[in-house]
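**Q** Handing you a structure now.
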Amino acid sequence: MGKKLVMAQKRGETRALCLGVAMVVCAVIAYYILGTTMLPLYQKSVWTQESTCHLIETNIRDQEELEGKKVPQYPCLWVNVSAVGRWAMLYHTEDTRDQNQQCSYIPGSLENYQVARADVEKVRTNFHKHRIFYCFSTTRENETTVLYRRLYGPQTLLFSLFWPTFLLTGGLLIIAMVKINQSLSILAAQR
């Protein structure tokens, strides 16, 4: 009976150690992935200065209004604000600026024109309700653009690091508890 109990304990300890090591390995892999993808984007971001933006005007742009220019076939919102003592074009995120420099906000669903137009109208209404809001600007002197929301800000980085840290801490705790249990059982067996 005692031998079966010891074997069951060893199997349980082995499984717990394997779980702890697997958690630590997964955390290290997640840290590596975040370190090679998310961290460089955070470090490259120049949108670090939080400012107060005052809405000047908004305009919904359609293809018909912008003839002669390369314009996508979806409605988008153009927003002009006053920030850091100068007029600026507001972009929703860094990616919005890269997608289309003529649009401040691009709707998420572009398949249905009516749904996209309703989404743009809703965002425009929200801007008119809250005419003063926080935005992000760069420290460059001649920059005439600001961001409404940063994709790669400190909160995003901390949120991304939460689960790998949780995995690493949990795995190390499991390994430590198993090792403490083994050393206590050795001490108890020697007495």
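Chains: A, B, ... in order of the structure tokens. Residues: from 1 per chain. Ligands: from 1, in order shown.
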Check stretch 14-93 of chain A with DSSP on the backbone and list each residue it calls strand (DSSP E or B), as a ChimeraX atom specification.
**A** /A:49-61,76-83,86-91
**Q** Could you go through stretch 20-91 of chain A and tell me which residues DSSP, when run on the backbone, assigns to helix (DSSP H, G or I), listing them as a PyMOL selection string?
**A** chain A and resi 20-44+64-66
**Q** Could you give me, as an MDAnalysis selection string, the residues within 10 Å of A:Pro164, counting only C-alpha atoms and dropping anything in the same chain fewer than 5 positions from it?
**A** chainID A and resid 23:31 34 159 169:170
**Q** Using only C-alpha atoms, which residues sit within 9 Å of A:Leu19 once same-chain residues fewer than 5 positions away are excluded, as a PyMOL selection string?
**A** chain A and resi 14+24+171+174-175
**Q** May I have the residues within 10 Å of stretch 54-60 of chain A as a short mmCIF file (atom, residue, chain, number, x, y, z; two decimals) with N, CA and C atoms, in the first residue's frame, using only C-alpha atoms and disregarding those fewer than 5 positions away in the same chain?
**A**
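Okay, selection07.cif is ready:
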data_model
loop_
_atom_site.label_atom_id
_atom_site.label_comp_id
_atom_site.auth_asym_id
_atom_site.auth_seq_id
_atom_site.Cartn_x
_atom_site.Cartn_y
_atom_site.Cartn_z
N GLU A 65 -17.53 63.10 -54.28
CA GLU A 65 -17.03 64.40 -53.86
C GLU A 65 -15.57 64.60 -54.21
N PRO A 75 -17.41 55.35 -47.90
CA PRO A 75 -17.44 56.65 -47.24
C PRO A 75 -16.43 56.69 -46.10
N CYS A 76 -15.87 57.84 -45.86
CA CYS A 76 -14.96 57.98 -44.74
C CYS A 76 -15.15 59.37 -44.13
N LEU A 77 -14.67 59.52 -42.93
CA LEU A 77 -14.84 60.77 -42.20
C LEU A 77 -13.53 61.55 -42.22
N TRP A 78 -13.63 62.82 -42.50
CA TRP A 78 -12.49 63.72 -42.47
C TRP A 78 -12.72 64.67 -41.31
N VAL A 79 -11.73 64.77 -40.40
CA VAL A 79 -11.87 65.60 -39.20
C VAL A 79 -10.70 66.57 -39.12
N ASN A 80 -11.02 67.82 -38.92
CA ASN A 80 -10.02 68.87 -38.75
C ASN A 80 -10.12 69.38 -37.32
N VAL A 81 -9.01 69.44 -36.62
CA VAL A 81 -9.01 69.85 -35.21
C VAL A 81 -7.94 70.92 -34.98
N SER A 82 -8.04 71.53 -33.82
CA SER A 82 -7.01 72.44 -33.36
C SER A 82 -6.32 71.77 -32.18
N ALA A 83 -5.01 71.53 -32.32
CA ALA A 83 -4.25 70.85 -31.28
C ALA A 83 -2.87 71.47 -31.19
N VAL A 84 -2.37 71.62 -30.00
CA VAL A 84 -1.04 72.16 -29.73
C VAL A 84 -0.87 73.53 -30.43
N TRP A 87 -3.69 74.06 -36.42
CA TRP A 87 -4.68 73.21 -37.07
C TRP A 87 -4.02 71.89 -37.44
N ALA A 88 -4.80 70.82 -37.33
CA ALA A 88 -4.24 69.50 -37.65
C ALA A 88 -5.33 68.59 -38.17
N LEU A 90 -6.95 64.97 -37.97
CA LEU A 90 -7.06 63.91 -36.98
C LEU A 90 -7.18 62.56 -37.69
N CYS A 103 -8.58 60.30 -45.14
CA CYS A 103 -9.66 59.91 -44.23
C CYS A 103 -9.17 59.88 -42.79
N SER A 104 -9.96 60.47 -41.90
CA SER A 104 -9.66 60.42 -40.47
C SER A 104 -10.14 59.11 -39.87
N TYR A 105 -11.28 58.65 -40.34
CA TYR A 105 -11.86 57.41 -39.83
C TYR A 105 -12.36 56.59 -40.99
N ARG A 117 -21.77 53.80 -44.26
CA ARG A 117 -22.20 55.21 -44.16
C ARG A 117 -22.83 55.48 -42.78
N VAL A 120 -20.06 55.75 -40.20
CA VAL A 120 -19.37 57.04 -40.31
C VAL A 120 -20.23 58.15 -39.71
N GLU A 121 -21.54 58.12 -39.97
CA GLU A 121 -22.46 59.12 -39.40
C GLU A 121 -22.46 59.05 -37.88
N ARG A 124 -19.28 60.58 -36.57
CA ARG A 124 -19.37 62.04 -36.76
C ARG A 124 -20.24 62.67 -35.68
N THR A 125 -21.36 62.04 -35.36
CA THR A 125 -22.24 62.54 -34.31
C THR A 125 -21.54 62.55 -32.96
N PHE A 127 -18.34 62.91 -32.44
CA PHE A 127 -17.38 64.01 -32.44
C PHE A 127 -18.08 65.35 -32.17
N HIS A 128 -19.29 65.51 -32.72
CA HIS A 128 -20.01 66.76 -32.49
C HIS A 128 -20.55 66.86 -31.07
N HIS A 130 -18.94 65.58 -28.35
CA HIS A 130 -17.76 65.83 -27.52
C HIS A 130 -16.74 66.60 -28.37
N ARG A 131 -16.88 67.89 -28.39
CA ARG A 131 -16.06 68.73 -29.26
C ARG A 131 -14.63 68.90 -28.74
N ILE A 132 -14.42 68.66 -27.45
CA ILE A 132 -13.08 68.73 -26.87
C ILE A 132 -12.73 67.34 -26.34
N PHE A 133 -11.60 66.81 -26.76
CA PHE A 133 -11.21 65.45 -26.38
C PHE A 133 -9.69 65.36 -26.38
N TYR A 134 -9.19 64.28 -25.81
CA TYR A 134 -7.74 64.06 -25.78
C TYR A 134 -7.30 63.39 -27.07
N CYS A 135 -6.12 63.77 -27.53
CA CYS A 135 -5.53 63.17 -28.72
C CYS A 135 -4.02 63.09 -28.51
#
**Q** Which of these, A:Leu167, A:Val46, A:Leu161, A:Leu41, has the shortest distance to A:Arg140 once you count only C-alpha atoms?
**A**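 So, comparing all the options, the nearest one is A:Val46.
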**Q** Quick one: everything within 10 Å of A:Thr93, counting only C-alpha atoms, minus sequence neighbours fewer than 3 positions away in the same chain. Send it as a ChimeraX atom specification.
**A** /A:90,96-98,104-105,136,146-152
**Q** In Å, with one decimal, what is the gap from atom CA of A:Ala22 to atom CA of A:Pro40?
**A** 26.8 Å
